[in-house]
Amino acid sequence: MNVGIVIVSHSPKVAEGTADMVRQMVGDEVPLAWCGGNPDGGLGTSVGDIIEAIERAWSDAGVAILVDLGGAETNSEMAVEMIGEPRSKKIVVCNAPIVEGAVMAATEASGGASLREVVATAHELAPA
Amino acid sequence: MTGSSPVDLKRLAAACAATIAAHADELTALDQAIGDGDHGYNMKRGFEALSADAEALAARPLPDALKAAGTKLVMTVGGASGPLFGTMLMALGKELPADADRAAFAAAFGKAVDAVAARGKSEKGQKTMLDVLYPVRDALAAGRSGTEIAAVADESADATAPLRAIRGRASFLGERSVGHVDPGSRSVALLVRAVAENFGA
């Protein structure tokens with residue numbers, strides 16, 4: 001089973017658009033889910049929505065999360081913690097640009113790479 | 001301690017929600033200066049949700065009530081402030097013994113502040129809510145009165161203005177973050193004052 005990818009943006013349009021790019025470039029071999037927007041539907045992120053997205057993209061091989069700005073990272077880390085062990089050990093919030101990171105991570109995942117390899121591929125895109 | 005807690009949680013939650021609502025525009029203005037301008041509205045949404053649940057929360061033992069209150073903030077605030085303020089309450093609930101005296105509360109508060117620092121991967125002096133939480137922790141441990149602690153919180157929030165932001169959205173601004181009070185610090189000061197003025201009595 002391939003590693004799953006979750007895309008978390010402050011904007012639902014950015015998250016959905018990024019997911020569209022992943023689907024077109026990588027195909028359907030990778031479990032993929034996205035979420036964006038705060039609990040009121042404005043710009044922001046929602047821990048509840050992130051938990052649901054992780055559930056939708058869940059894979060026993062693990063899940064890599066791509067985020068945009070600060071709050072998306074903090075809320076994603078909170079979501080992972082709330083999901084709790086043992087599954088939380090198989091979920092990583094990546095330090096990478098959201099669009100490039102999602103496409104590259106999904107490409108790596110589609111070839112059956114491990115969670116560690118998928119995350120390393122995304123991290124190569126992070127500014128030094 | 002069994003059943004409901006001796007602390008009037010319903011009153012505290014209402015006081016916290018009221019002060020955040022009354023200052024929501026000010027918090028948002030502070031956040032527009034150095035962040036993304038949603039702090040006031042995010043906090044208002046979270047504390048209104050918390051206040052709406054206060055009756056049910058107040059029926060539970062204090063540590064459980066604090067943990068549930070923290071989870072409520074995490075799920076409803078919608079910005080980075082949700083996990084940060086939520087972690088503060090969740091950790092406080094986790095660390096607090098059921099029969100806490102002042103010393104036990106001060107110790108638990110200190111651990112909760114450390115949990116916030118870990119969640120935000122931040123430390124004192126980086127123009128964040130920690131710049132108010134640490135002085136409040138020290139004032140609490142030193143046995144200062146509620147009035148004194150609220151004053152320490154206000155002064156500490158004001159003292160974030162000359163700092164340069166290193167964490168969070170404001171860090172993108174670099175030197176341009178200097179001269180503005182940190183909105184998260186202002187929120188903490190408002191909440192500390194609300195709690196200090198409505199505790200016990």
# chains A, B, ... in the order shown; residues from 1 in each chain; ligands from 1
>>> select_by_dssp(residues="segment 16-137 of chain B", states="helix (DSSP H, G or I)", output="count of residues only")
94
>>> interface_residues(of="chain A", to="chain B", cutoff="10 Å", atoms="only C-alpha atoms", output="tab-separated table (two decimals) with C-alpha atoms, in the first residue's frame")
chain	number	residue	atom	x	y	z
A	10	HIS	CA	-5.37	28.24	4.63
A	37	GLY	CA	-10.37	27.07	5.60
A	38	ASN	CA	-11.16	27.77	9.26
A	39	PRO	CA	-14.21	26.36	11.10
A	40	ASP	CA	-16.27	29.36	9.84
A	41	GLY	CA	-15.30	28.81	6.20
A	42	GLY	CA	-12.90	31.78	6.08
A	43	LEU	CA	-9.18	31.57	5.41
A	44	GLY	CA	-7.41	29.45	8.01
A	45	THR	CA	-7.16	25.82	9.03
A	46	SER	CA	-9.29	23.55	11.16
A	47	VAL	CA	-7.90	20.75	13.33
A	48	GLY	CA	-11.14	18.80	12.91
A	49	ASP	CA	-10.94	19.04	9.12
A	69	LEU	CA	1.88	28.84	6.37
A	70	GLY	CA	2.49	28.77	10.15
A	71	GLY	CA	-0.97	27.96	11.49
A	72	ALA	CA	-1.41	25.11	9.03
A	73	GLU	CA	1.72	23.49	10.46
A	74	THR	CA	0.77	24.04	14.11
A	75	ASN	CA	-2.80	22.83	13.53
A	76	SER	CA	-1.54	19.78	11.61
A	77	GLU	CA	0.84	18.86	14.43
A	78	MET	CA	-2.06	19.22	16.86
A	79	ALA	CA	-4.22	16.96	14.67
A	82	MET	CA	-4.96	14.11	18.78
>>> atom_distance(atom1="atom CA of Leu173 of chain B", atom2="atom CA of Ala29 of chain B")
16.0 Å
>>> residues_around(residues="Asp64 of chain B", least_positions_apart="5", cutoff="12 Å", atoms="only C-alpha atoms", output="PyMOL selection string")
chain B and resi 2-5+9+56-59+69-71+89-98
>>> residues_around(residues="Phe105 of chain B", least_positions_apart="3", cutoff="10 Å", atoms="only C-alpha atoms", output="PyMOL selection string")
chain B and resi 92+95-97+99-102+108-111+140-141
>>> select_by_dssp(residues="chain A", states="strand (DSSP E or B)", output="ChimeraX atom specification")
/A:4-9,32-36,63-67,91-93
